[in-house]
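So this block is input-v6.txt, compact mmCIF, C-alpha atoms:
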# COMPACT_ATOMS: atom_id res chain seq x y z
CA THR A 1 38.30 72.26 -83.89
CA GLY A 2 38.04 76.03 -84.00
CA SER A 3 40.60 78.77 -83.60
CA SER A 4 40.22 82.36 -82.48
CA THR A 5 41.03 84.80 -85.28
CA SER A 6 42.84 87.19 -82.95
CA ASN A 7 45.17 84.48 -81.65
CA ARG A 8 45.42 82.08 -84.56
CA ASN A 9 48.93 83.11 -85.51
CA SER A 10 50.28 84.16 -82.12
CA ASN A 11 49.21 82.09 -79.13
CA HIS A 12 47.60 79.24 -81.08
CA ILE A 13 44.53 79.13 -78.88
CA HIS A 14 42.13 76.42 -80.05
CA THR A 15 38.68 75.33 -78.97
CA LEU A 16 37.43 71.75 -79.19
CA LEU A 17 33.76 71.58 -80.22
CA LEU A 18 32.01 68.27 -79.56
CA CYS A 19 28.79 67.61 -81.40
CA ARG A 20 26.61 64.50 -81.34
CA HIS A 21 25.07 63.46 -84.61
CA GLY A 22 21.47 64.47 -85.26
CA ASP A 23 18.46 62.20 -85.00
CA SER A 24 18.83 59.18 -87.28
CA ILE A 25 16.05 57.07 -88.74
CA TRP A 26 16.75 54.54 -85.95
CA ASN A 27 16.75 57.02 -83.06
CA GLY A 28 12.97 57.05 -82.72
CA GLY A 29 12.69 60.82 -82.93
CA THR A 30 10.24 60.97 -85.82
CA PRO A 31 6.64 59.67 -86.03
CA GLY A 32 6.45 55.99 -86.92
CA SER A 33 10.04 55.21 -85.89
CA GLN A 34 11.26 53.39 -82.79
CA GLU A 35 14.53 53.67 -80.90
CA THR A 36 16.70 50.88 -82.25
CA PHE A 37 20.16 49.57 -81.39
CA THR A 38 22.27 51.03 -84.17
CA GLY A 39 25.97 50.63 -83.44
CA TRP A 40 27.86 50.36 -86.72
CA THR A 41 24.73 49.94 -88.84
CA ASP A 42 25.15 52.80 -91.28
CA VAL A 43 21.75 54.51 -91.21
CA PRO A 44 21.19 58.11 -92.38
CA LEU A 45 19.81 61.12 -90.57
CA SER A 46 16.09 61.68 -90.39
CA SER A 47 14.61 65.01 -91.53
CA LYS A 48 14.59 65.96 -87.86
CA GLY A 49 18.30 65.18 -87.62
CA ILE A 50 19.11 67.44 -90.57
CA THR A 51 17.21 70.28 -88.89
CA GLU A 52 19.06 69.63 -85.63
CA ALA A 53 22.41 69.87 -87.42
CA MET A 54 21.47 73.20 -88.96
CA ASN A 55 20.21 74.47 -85.60
CA THR A 56 23.58 73.57 -84.12
CA ALA A 57 25.17 75.97 -86.58
CA THR A 58 22.85 78.70 -85.31
CA GLN A 59 23.93 78.00 -81.72
CA LEU A 60 27.59 78.21 -82.75
CA SER A 61 26.96 81.51 -84.49
CA ARG A 62 25.38 82.93 -81.34
CA HIS A 63 28.42 82.01 -79.27
CA PHE A 64 31.06 83.19 -81.71
CA SER A 65 30.77 86.63 -83.27
CA ASP A 66 31.03 87.34 -86.98
CA PRO A 67 34.38 89.00 -87.80
CA GLY A 68 32.44 91.57 -89.85
CA ALA A 69 30.31 92.70 -86.93
CA GLY A 70 30.45 96.42 -86.29
CA ASP A 71 30.87 97.44 -89.94
CA GLY A 72 28.61 100.13 -91.32
CA ASP A 73 27.57 103.67 -90.47
CA GLY A 74 27.83 105.24 -87.06
CA ASP A 75 30.36 106.60 -84.66
CA HIS A 76 33.89 105.63 -85.72
CA GLU A 77 35.08 104.87 -82.21
CA THR A 78 32.00 102.74 -81.47
CA ASN A 79 32.46 100.74 -84.67
CA ALA A 80 36.16 100.27 -83.94
CA ASN A 81 35.35 98.91 -80.48
CA ALA A 82 32.67 96.62 -81.91
CA ASN A 83 35.11 95.28 -84.48
CA ALA A 84 37.74 94.70 -81.82
CA ASN A 85 35.30 92.79 -79.63
CA ALA A 86 33.98 90.79 -82.56
CA ASN A 87 37.45 89.84 -83.75
CA THR A 88 38.39 88.75 -80.24
CA ASN A 89 35.53 86.23 -80.21
CA ALA A 90 35.44 85.37 -83.90
CA MET A 91 36.00 81.73 -84.69
CA ARG A 92 36.85 79.75 -87.77
CA ILE A 93 36.43 75.99 -87.83
CA ASP A 94 39.78 74.63 -89.00
CA VAL A 95 39.37 70.86 -88.79
CA CYS A 96 36.30 68.64 -88.73
CA LEU A 97 36.71 65.10 -87.42
CA THR A 98 33.93 62.54 -87.85
CA SER A 99 33.40 58.83 -87.73
CA LYS A 100 32.93 56.83 -90.92
CA LEU A 101 29.20 56.56 -90.29
CA GLN A 102 26.99 58.58 -92.60
CA ARG A 103 24.85 60.00 -89.79
CA ALA A 104 27.94 61.71 -88.37
CA LYS A 105 29.19 62.87 -91.77
CA GLN A 106 25.75 64.22 -92.71
CA THR A 107 25.55 66.11 -89.42
CA ALA A 108 28.93 67.71 -90.04
CA HIS A 109 27.99 68.64 -93.61
CA HIS A 110 24.68 70.31 -92.74
CA CYS A 111 26.08 72.01 -89.64
CA LEU A 112 29.15 73.46 -91.31
CA TRP A 113 27.28 74.49 -94.44
CA ALA A 114 24.71 76.37 -92.36
CA PHE A 115 27.49 77.91 -90.26
CA ALA A 116 29.19 79.22 -93.42
CA GLU A 117 25.86 80.53 -94.73
CA GLN A 118 25.22 82.46 -91.53
CA HIS A 119 28.71 83.96 -91.66
CA HIS A 120 28.49 84.60 -95.42
CA ASN A 121 31.72 82.67 -95.74
CA HIS A 122 32.20 80.42 -98.74
CA ASN A 123 35.89 81.13 -99.23
CA HIS A 124 37.55 77.83 -100.09
CA LYS A 125 40.62 78.90 -98.14
CA ASP A 126 38.53 78.93 -94.96
CA GLU A 127 36.90 75.56 -95.47
CA PRO A 128 37.79 73.12 -92.69
CA LEU A 129 39.97 70.10 -93.26
CA TYR A 130 37.76 67.00 -93.12
CA LYS A 131 39.05 63.83 -91.47
CA GLU A 132 37.12 60.56 -91.11
CA ASP A 133 38.20 57.71 -88.85
CA TYR A 134 36.41 54.47 -87.97
CA ARG A 135 37.82 54.77 -84.44
CA LEU A 136 35.29 57.56 -83.88
CA ASN A 137 32.43 55.20 -84.76
CA GLU A 138 29.74 54.56 -82.20
CA ARG A 139 30.01 51.56 -79.91
CA HIS A 140 29.40 48.31 -81.76
CA TYR A 141 26.28 46.59 -80.42
CA GLY A 142 26.91 43.18 -81.96
CA ALA A 143 23.85 40.94 -82.22
CA LEU A 144 21.65 43.65 -80.67
CA GLN A 145 21.95 45.84 -83.75
CA GLY A 146 18.63 46.22 -85.54
CA TYR A 147 16.51 45.30 -82.52
CA ILE A 148 14.15 47.78 -80.86
CA LYS A 149 15.66 48.88 -77.55
CA SER A 150 12.49 48.60 -75.51
CA HIS A 151 12.07 44.98 -76.65
CA ILE A 152 15.60 44.08 -75.58
CA GLU A 153 15.27 45.94 -72.27
CA SER A 154 11.97 44.21 -71.45
CA GLY A 155 13.57 40.77 -71.84
CA LYS A 156 11.53 39.85 -74.90
CA TYR A 157 14.51 37.97 -76.34
CA GLY A 158 15.80 36.58 -73.04
CA HIS A 159 18.30 39.28 -72.04
CA SER A 160 18.45 40.39 -68.41
CA PRO A 161 17.96 44.10 -67.62
CA GLN A 162 21.29 44.09 -65.76
CA ASP A 163 23.16 42.79 -68.80
CA VAL A 164 21.47 45.28 -71.11
CA GLN A 165 22.36 48.14 -68.79
CA ALA A 166 25.99 47.00 -68.70
CA TRP A 167 26.14 46.66 -72.49
CA ARG A 168 24.85 50.20 -72.87
CA ARG A 169 26.80 51.98 -70.14
CA SER A 170 29.87 49.98 -69.16
CA TRP A 171 33.27 50.56 -70.76
CA TYR A 172 34.06 46.86 -70.59
CA ALA A 173 30.87 44.81 -71.02
CA VAL A 174 30.62 43.26 -74.49
CA PRO A 175 27.21 42.74 -76.15
CA PRO A 176 26.43 39.35 -77.73
CA LEU A 177 28.54 38.88 -80.84
CA LEU A 178 27.18 38.40 -84.33
CA ASP A 179 27.52 34.88 -85.72
CA ASP A 180 29.81 34.59 -88.72
CA ASP A 181 26.91 33.45 -90.94
CA ASP A 182 24.62 36.27 -89.81
CA ASP A 183 23.71 38.52 -92.74
CA ARG A 184 24.54 41.56 -90.61
CA ARG A 185 28.04 40.19 -89.96
CA ILE A 186 28.61 39.40 -93.62
CA GLU A 187 27.53 42.90 -94.62
CA GLU A 188 29.70 44.64 -92.03
CA LEU A 189 32.75 42.65 -93.10
CA ARG A 190 32.13 43.77 -96.66
CA ALA A 191 31.69 47.39 -95.55
CA TRP A 192 34.39 47.74 -92.89
CA MET A 193 37.25 45.28 -93.31
CA GLY A 194 39.12 47.72 -95.55
CA HIS A 195 38.92 50.42 -92.86
CA CYS A 196 39.69 48.36 -89.77
CA GLY A 197 42.63 46.31 -90.99
CA GLY A 198 40.68 43.06 -91.23
CA ASP A 199 41.79 40.22 -93.45
CA GLY A 200 38.32 39.27 -94.64
CA ASP A 201 38.18 36.11 -92.45
CA GLY A 202 36.29 37.75 -89.59
CA ASP A 203 39.34 38.95 -87.67

I'd like the structure from this file rewritten - as structure tokens, please.
Amino acid sequence: TGSSTSNRNSNHIHTLLLCRHGDSIWNGGTPGSQETFTGWTDVPLSSKGITEAMNTATQLSRHFSDPGAGDGDGDHETNANANANANTNAMRIDVCLTSKLQRAKQTAHHCLWAFAEQHHNHNHKDEPLYKEDYRLNERHYGALQGYIKSHIESGKYGHSPQDVQAWRRSWYAVPPLLDDDDDRRIEELRAWMGHCGGDGDGD
């Protein structure tokens, strides 16, 4: 979340910035990769995804002026007006919320680092508070995780297009569950049961 510098202490005006993670190695955005059901599989960003995160910082900088804008030589009144306008629109990112998945955390890291670089701001006092929560994780895709999307959608493994569409877009449809002895299930229990309140027995 970001706050306006001119109103941070008075009206407490805040802006919520929503950012999707950059291209991951399973998103199919780089040569040789294919779009794959990812869910809670903890894959990293691709090189393209890192660039996308840094480009997001550039877009943020274009929308929110640097508090130092208007400094320098020139007419005093013009500079004063420029500073006033810049400070009105200036934004500092106060809190950064991400899921527990590394693709989201990497996106936040590269985006916020580039944003600070572009604003020449590496003051530790202005660093955002980082919060991670598994409840921000992507939808869990169960037994579909790790399979190429086009193969699932074409019915290669016996799934109907209608079911696949519901699993991807419905709030309530549940993808096929992982079996308890599936290596993917065993690994996710090891990785997530401490975050999600599980007891280690699959609950």

As an exercise, work out the distance from CA of Thr30 (chain A) to CA of Val43 (chain A) in Å and give it to one decimal place.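 CA of Thr30 (chain A) sits 14.3 Å away from CA of Val43 (chain A).
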
So, with all atoms listed in the file as the atoms that count, which of A:Glu52, A:Asp42, A:Asp94, A:Glu153 lies closest to Gly29 (chain A)? A:Glu52

Distance of CA of Thr38 (chain A) from CA of Ser150 (chain A), expressed in Å to one decimal place: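 Between CA of Ser150 (chain A) and CA of Thr38 (chain A) the gap works out to 13.3 Å.
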
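Between CA of Asn137 (chain A) and CA of His14 (chain A) there is a distance of 23.8 Å.
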
Contact residues around Ala166 (chain A) with all atoms listed in the file at 12 Å, ignoring same-chain residues under 6 positions, as a PDB file with C-alpha atoms, in the frame of the given file:
ATOM      1  CA  TYR A 141      26.280  46.590 -80.420  1.00  0.00           C
ATOM      2  CA  GLU A 153      15.270  45.940 -72.270  1.00  0.00           C
ATOM      3  CA  HIS A 159      18.300  39.280 -72.040  1.00  0.00           C
ATOM      4  CA  SER A 160      18.450  40.390 -68.410  1.00  0.00           C
ATOM      5  CA  TYR A 172      34.060  46.860 -70.590  1.00  0.00           C
ATOM      6  CA  ALA A 173      30.870  44.810 -71.020  1.00  0.00           C
ATOM      7  CA  VAL A 174      30.620  43.260 -74.490  1.00  0.00           C
ATOM      8  CA  PRO A 175      27.210  42.740 -76.150  1.00  0.00           C
ATOM      9  CA  PRO A 176      26.430  39.350 -77.730  1.00  0.00           C
TER      10      PRO A 176
END

Give me the residues within 12 Å of Pro161 (chain A) as JSON, numbers by chain, counting all atoms listed in the file and dropping any in the same chain fewer than 5 places off. {"A": [149, 150, 151, 152, 153, 154, 155, 156, 166, 167, 168]}

His110 (chain A): which residues within 12 Å, counting only C-alpha atoms, same-chain residues fewer than 2 positions away excluded, as a PDB file with C-alpha atoms, in the frame of the given file?
ATOM      1  CA  HIS A  21      25.070  63.460 -84.610  1.00  0.00           C
ATOM      2  CA  GLY A  22      21.470  64.470 -85.260  1.00  0.00           C
ATOM      3  CA  LEU A  45      19.810  61.120 -90.570  1.00  0.00           C
ATOM      4  CA  SER A  47      14.610  65.010 -91.530  1.00  0.00           C
ATOM      5  CA  GLY A  49      18.300  65.180 -87.620  1.00  0.00           C
ATOM      6  CA  ILE A  50      19.110  67.440 -90.570  1.00  0.00           C
ATOM      7  CA  THR A  51      17.210  70.280 -88.890  1.00  0.00           C
ATOM      8  CA  GLU A  52      19.060  69.630 -85.630  1.00  0.00           C
ATOM      9  CA  ALA A  53      22.410  69.870 -87.420  1.00  0.00           C
ATOM     10  CA  MET A  54      21.470  73.200 -88.960  1.00  0.00           C
ATOM     11  CA  ASN A  55      20.210  74.470 -85.600  1.00  0.00           C
ATOM     12  CA  THR A  56      23.580  73.570 -84.120  1.00  0.00           C
ATOM     13  CA  ALA A  57      25.170  75.970 -86.580  1.00  0.00           C
ATOM     14  CA  THR A  58      22.850  78.700 -85.310  1.00  0.00           C
ATOM     15  CA  GLN A 102      26.990  58.580 -92.600  1.00  0.00           C
ATOM     16  CA  ARG A 103      24.850  60.000 -89.790  1.00  0.00           C
ATOM     17  CA  ALA A 104      27.940  61.710 -88.370  1.00  0.00           C
ATOM     18  CA  LYS A 105      29.190  62.870 -91.770  1.00  0.00           C
ATOM     19  CA  GLN A 106      25.750  64.220 -92.710  1.00  0.00           C
ATOM     20  CA  THR A 107      25.550  66.110 -89.420  1.00  0.00           C
ATOM     21  CA  ALA A 108      28.930  67.710 -90.040  1.00  0.00           C
ATOM     22  CA  LEU A 112      29.150  73.460 -91.310  1.00  0.00           C
ATOM     23  CA  TRP A 113      27.280  74.490 -94.440  1.00  0.00           C
ATOM     24  CA  ALA A 114      24.710  76.370 -92.360  1.00  0.00           C
ATOM     25  CA  PHE A 115      27.490  77.910 -90.260  1.00  0.00           C
ATOM     26  CA  ALA A 116      29.190  79.220 -93.420  1.00  0.00           C
ATOM     27  CA  GLU A 117      25.860  80.530 -94.730  1.00  0.00           C
TER      28      GLU A 117
END

When you look at Ala143 (chain A) with a cut-off of 9 Å (counting only C-alpha atoms), what residues show up, excluding the ones that are within fewer than 6 positions of it in the same chain? I need them as a ChimeraX atom specification. /A:175-179,182,184-185

With distances taken over all atoms listed in the file, the candidate from A:His109, A:His12, A:Arg92, A:Arg135 nearest Trp192 (chain A) is A:Arg135

Regenerate region 36-65 of chain A at the level of N, CA and C atoms and dump it as a short mmCIF file (atom, residue, chain, number, x, y, z; two decimals), keeping the file's coordinate frame.
data_model
loop_
_atom_site.label_atom_id
_atom_site.label_comp_id
_atom_site.auth_asym_id
_atom_site.auth_seq_id
_atom_site.Cartn_x
_atom_site.Cartn_y
_atom_site.Cartn_z
N THR A 36 16.14 52.17 -81.86
CA THR A 36 16.70 50.88 -82.25
C THR A 36 18.20 50.86 -82.00
N PHE A 37 18.71 49.70 -81.53
CA PHE A 37 20.16 49.57 -81.39
C PHE A 37 20.80 49.71 -82.76
N THR A 38 21.70 50.69 -82.86
CA THR A 38 22.27 51.03 -84.17
C THR A 38 23.72 50.59 -84.30
N GLY A 39 24.57 51.02 -83.36
CA GLY A 39 25.97 50.63 -83.44
C GLY A 39 26.61 51.05 -84.75
N TRP A 40 27.17 50.07 -85.45
CA TRP A 40 27.86 50.36 -86.72
C TRP A 40 26.94 50.20 -87.93
N THR A 41 25.66 49.96 -87.72
CA THR A 41 24.73 49.94 -88.84
C THR A 41 24.67 51.35 -89.41
N ASP A 42 24.91 51.48 -90.70
CA ASP A 42 25.15 52.80 -91.28
C ASP A 42 23.85 53.44 -91.79
N VAL A 43 23.04 53.89 -90.85
CA VAL A 43 21.75 54.51 -91.21
C VAL A 43 21.91 56.02 -91.35
N PRO A 44 21.08 56.66 -92.17
CA PRO A 44 21.19 58.11 -92.38
C PRO A 44 20.43 58.91 -91.33
N LEU A 45 20.59 60.22 -91.40
CA LEU A 45 19.81 61.12 -90.57
C LEU A 45 18.35 61.11 -91.01
N SER A 46 17.48 61.40 -90.06
CA SER A 46 16.09 61.68 -90.39
C SER A 46 15.97 63.16 -90.77
N SER A 47 14.81 63.58 -91.23
CA SER A 47 14.61 65.01 -91.53
C SER A 47 14.78 65.84 -90.27
N LYS A 48 14.39 65.28 -89.14
CA LYS A 48 14.59 65.96 -87.86
C LYS A 48 16.07 66.13 -87.58
N GLY A 49 16.87 65.11 -87.87
CA GLY A 49 18.30 65.18 -87.62
C GLY A 49 18.98 66.24 -88.46
N ILE A 50 18.54 66.40 -89.71
CA ILE A 50 19.11 67.44 -90.57
C ILE A 50 18.81 68.82 -89.98
N THR A 51 17.58 69.01 -89.52
CA THR A 51 17.21 70.28 -88.89
C THR A 51 18.03 70.53 -87.63
N GLU A 52 18.25 69.49 -86.84
CA GLU A 52 19.06 69.63 -85.63
C GLU A 52 20.48 70.06 -85.96
N ALA A 53 21.04 69.50 -87.02
CA ALA A 53 22.41 69.87 -87.42
C ALA A 53 22.48 71.34 -87.81
N MET A 54 21.49 71.80 -88.55
CA MET A 54 21.47 73.20 -88.96
C MET A 54 21.23 74.13 -87.77
N ASN A 55 20.43 73.67 -86.81
CA ASN A 55 20.21 74.47 -85.60
C ASN A 55 21.48 74.56 -84.76
N THR A 56 22.30 73.53 -84.83
CA THR A 56 23.58 73.57 -84.12
C THR A 56 24.45 74.69 -84.66
N ALA A 57 24.42 74.88 -85.97
CA ALA A 57 25.17 75.97 -86.58
C ALA A 57 24.70 77.32 -86.05
N THR A 58 23.40 77.45 -85.86
CA THR A 58 22.85 78.70 -85.31
C THR A 58 23.37 78.93 -83.89
N GLN A 59 23.41 77.87 -83.08
CA GLN A 59 23.93 78.00 -81.72
C GLN A 59 25.40 78.40 -81.73
N LEU A 60 26.18 77.83 -82.64
CA LEU A 60 27.59 78.21 -82.75
C LEU A 60 27.73 79.68 -83.13
N SER A 61 26.89 80.12 -84.05
CA SER A 61 26.96 81.51 -84.49
C SER A 61 26.64 82.47 -83.35
N ARG A 62 25.74 82.07 -82.47
CA ARG A 62 25.38 82.93 -81.34
C ARG A 62 26.51 83.04 -80.33
N HIS A 63 27.33 82.01 -80.25
CA HIS A 63 28.42 82.01 -79.27
C HIS A 63 29.70 82.62 -79.79
N PHE A 64 29.84 82.66 -81.12
CA PHE A 64 31.06 83.19 -81.71
C PHE A 64 30.70 84.27 -82.71
N SER A 65 31.17 85.48 -82.47
CA SER A 65 30.77 86.63 -83.27
C SER A 65 31.31 86.56 -84.68
#
